[in-house]
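Student: Dropping the structure in here first, questions after.
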Amino acid sequence: MNEVYQPKVSSSIINRELIALKNDFLNKFSIDFSGLSTQIDSSKIVTEYNSILGLIDYHNGKKWMSLNTEKDGRLHTNFTIMSSKHRKLIRNNKNEEFVEIDVGSCIPYLFIMSIIQKVEFYGDDHLKKYQLLFNKLNSRMIELGTVELLKAELKVMLIALEEDRFYRLFPLLNKIEILSFFFCKNGSKPSIENIIESTFPNFYYYVFQMKNNKFWVDQYQCPPRFDCNELLAHYLFHLEATVMLYKISKRVKKSIRGIEIITIHDCLMVPSKYAEQVKAIMLEEFSNLFKIKPIIKIKGLP
């Protein structure tokens with residue numbers, strides 16, 4: 001417990017564009033172990049163990065932060081591997097508690113937004129070529145005469161997103177299973193895929209084609225750098241990072257002097273006294289970028 005570690009920060013982009021988040025992460029947080037429960041969920045032993053290790057490592061100075069711009073584009077830290085219950089133990093230098101401000105159903109939301117509009121995002125040329133497949137697939141749906149059927153399905157989904165019940169559209173599946181559909185190889189999870197196809201056949205076809213290497217080859221006459229199911233994950237994570245890291249976090253830092261921020265992919269952690277103010281900023285930024293706003297939820301208010 002008394003070992004001394006040097007913080008590990010990888011990827012030059014963190015130094016260049018995420019300096020404020022890096023400074024917060026390295027200097028402004030501590031762990032309140034007095035609230036740590038001794039009970040561990042036996043069904044999630046590995047996850048719980050890694051989460052507690054993340055707490056201990058950070059407390060002992062073994063702080064790590066990384067960002068892989070070629071793949072997912074997300075910022076990973078000790079905090080991103082922690083469970084929500086353990087993140088509740090994080091405090092700032094004033095010993096203030098934090099809340100999580102979360103984008104509801106973020107991955108399905110970003111995918112649907114990518115169908116109905118083009119969005120600027122931070123990504124390499126390969127990912128930008130991948131993004132163009134949305135336009136090409138929209139044209140194919142028009143040629144097939146199925147675009148109106150797709151629009152009808154998307155309308156149902158958008159209403160569910162606005163009412164924070166997207167995952168309940170598939171009552172036989174849980175959230176993890178539904179999210180896995182977006183990233184798994186086509187045909188690798190037939191029980192999940194069959195349920196989604198029977199519920200929303202045109203949406204299923206759309207996601208299937210966006211994960212289909214042949215669709216890429218048909219458009220570009222060469223294979224993709226990664227399989228298209230991986231490219232879909234990379235694209236959505238880069239889009240998420242563009243919004244959360246490079247738009248919203250910077251805006252919050254600029255608007256609220258002295259605020260400390262922790263990013264957990266599709267959510268921000270901030271001191272609870274700033275929760276409503278940050279939520280308003282997030283909604284405004286999403287309105288600037290997308291035609292439809294997501295649900296923004298505050299978790300952990302006392």
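Letters for chains follow the order of the structure tokens (A, B, ...), residue numbers begin at 1 for each chain, and ligand numbers begin at 1 in the order shown.
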Could you name the residues that touch Lys22 (chain A) at 12 Å or less, counting only C-alpha atoms, but leaving out those on the same chain fewer than 4 positions away, as a PyMOL selection string?
Tutor: chain A and resi 7-18+26-29+63-67+75-77+245+249+260-263
Student: Those residues you just picked out, can you put them in a file as a short mmCIF file (atom, residue, chain, number, x, y, z; two decimals), in the first residue's frame with N, CA and C atoms?
Tutor:
```cif
data_model
loop_
_atom_site.label_atom_id
_atom_site.label_comp_id
_atom_site.auth_asym_id
_atom_site.auth_seq_id
_atom_site.Cartn_x
_atom_site.Cartn_y
_atom_site.Cartn_z
N PRO A 7 2.29 8.41 -12.32
CA PRO A 7 1.10 8.38 -13.18
C PRO A 7 1.48 8.05 -14.62
N LYS A 8 0.63 7.28 -15.29
CA LYS A 8 0.89 6.88 -16.67
C LYS A 8 -0.17 7.51 -17.57
N VAL A 9 0.26 8.39 -18.44
CA VAL A 9 -0.65 9.07 -19.35
C VAL A 9 -0.16 8.82 -20.78
N SER A 10 -0.98 8.14 -21.58
CA SER A 10 -0.56 7.82 -22.94
C SER A 10 -1.43 8.53 -23.96
N SER A 11 -0.87 8.73 -25.13
CA SER A 11 -1.47 9.42 -26.27
C SER A 11 -1.27 10.93 -26.13
N SER A 12 -0.56 11.48 -27.11
CA SER A 12 -0.22 12.91 -27.06
C SER A 12 -1.46 13.79 -27.09
N ILE A 13 -2.57 13.25 -27.62
CA ILE A 13 -3.78 14.07 -27.72
C ILE A 13 -4.28 14.49 -26.34
N ILE A 14 -3.99 13.68 -25.30
CA ILE A 14 -4.41 14.05 -23.95
C ILE A 14 -3.69 15.32 -23.51
N ASN A 15 -2.40 15.39 -23.78
CA ASN A 15 -1.64 16.58 -23.41
C ASN A 15 -2.10 17.80 -24.19
N ARG A 16 -2.47 17.60 -25.42
CA ARG A 16 -2.75 18.71 -26.32
C ARG A 16 -4.16 19.25 -26.17
N GLU A 17 -5.16 18.39 -26.09
CA GLU A 17 -6.54 18.84 -26.14
C GLU A 17 -7.36 18.54 -24.89
N LEU A 18 -6.84 17.68 -24.03
CA LEU A 18 -7.60 17.31 -22.85
C LEU A 18 -6.84 17.69 -21.58
N LEU A 26 -5.30 14.01 -12.32
CA LEU A 26 -4.05 13.76 -11.62
C LEU A 26 -3.97 14.45 -10.26
N ASN A 27 -4.72 15.53 -10.06
CA ASN A 27 -4.46 16.37 -8.89
C ASN A 27 -5.64 16.65 -7.97
N LYS A 28 -6.86 16.41 -8.40
CA LYS A 28 -7.98 17.00 -7.66
C LYS A 28 -8.96 16.01 -7.04
N PHE A 29 -8.64 14.72 -7.03
CA PHE A 29 -9.60 13.75 -6.51
C PHE A 29 -8.98 12.85 -5.44
N LYS A 63 -2.04 6.01 -11.02
CA LYS A 63 -3.07 6.62 -11.86
C LYS A 63 -2.71 6.41 -13.33
N TRP A 64 -3.68 5.99 -14.10
CA TRP A 64 -3.41 5.79 -15.53
C TRP A 64 -4.54 6.39 -16.37
N MET A 65 -4.15 6.91 -17.49
CA MET A 65 -5.08 7.58 -18.40
C MET A 65 -4.60 7.28 -19.82
N SER A 66 -5.50 6.82 -20.67
CA SER A 66 -5.08 6.50 -22.04
C SER A 66 -6.21 6.80 -23.02
N LEU A 67 -5.83 7.02 -24.27
CA LEU A 67 -6.80 7.27 -25.33
C LEU A 67 -6.21 6.73 -26.63
N LEU A 75 -11.67 8.02 -23.71
CA LEU A 75 -10.70 8.27 -22.66
C LEU A 75 -10.90 7.22 -21.57
N HIS A 76 -9.86 6.45 -21.29
CA HIS A 76 -9.91 5.39 -20.27
C HIS A 76 -9.04 5.79 -19.08
N THR A 77 -9.58 5.57 -17.88
CA THR A 77 -8.85 5.91 -16.65
C THR A 77 -9.18 4.88 -15.58
N LEU A 245 -16.17 14.65 -24.75
CA LEU A 245 -14.84 15.13 -24.38
C LEU A 245 -14.53 16.50 -24.97
N SER A 249 -17.40 18.80 -22.33
CA SER A 249 -16.45 19.01 -21.23
C SER A 249 -15.77 20.38 -21.32
N GLU A 260 -14.58 20.68 -11.26
CA GLU A 260 -13.83 19.48 -11.58
C GLU A 260 -14.75 18.52 -12.33
N ILE A 261 -14.20 17.87 -13.35
CA ILE A 261 -14.98 16.96 -14.19
C ILE A 261 -14.29 15.61 -14.29
N ILE A 262 -15.08 14.56 -14.21
CA ILE A 262 -14.63 13.20 -14.54
C ILE A 262 -15.51 12.73 -15.69
N THR A 263 -14.90 12.22 -16.76
CA THR A 263 -15.70 11.68 -17.86
C THR A 263 -15.70 10.16 -17.77
#
```
Student: Applying 9 Å and only C-alpha atoms, which residues near Glu240 (chain A) remain after dropping the ones on its own chain fewer than 6 positions away? List them as number ranges by chain.
Tutor: A: 73-74, 106-107, 110, 121, 265-266
Student: Check region 130-211 of chain A with DSSP on the backbone and list each residue it calls alpha helix (DSSP H), as a PyMOL selection string.
Tutor: chain A and resi 130-144+147-162+175-183+190-199+201-210
Student: State, in Å with one decimal place, the distance from CA of Cys267 (chain A) to CA of Ser180 (chain A).
Tutor: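 That distance, rounded to one decimal, is 19.5 Å.
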Student: Skipping near chain neighbours, those fewer than 2 positions away, what residues fall within 8 Å of region 82-99 of chain A using only C-alpha atoms, listed as a PyMOL selection string?
Tutor: chain A and resi 28-33+35-36+47-48+50-52+54-55+78-80+101+260+269-272+275+298-301
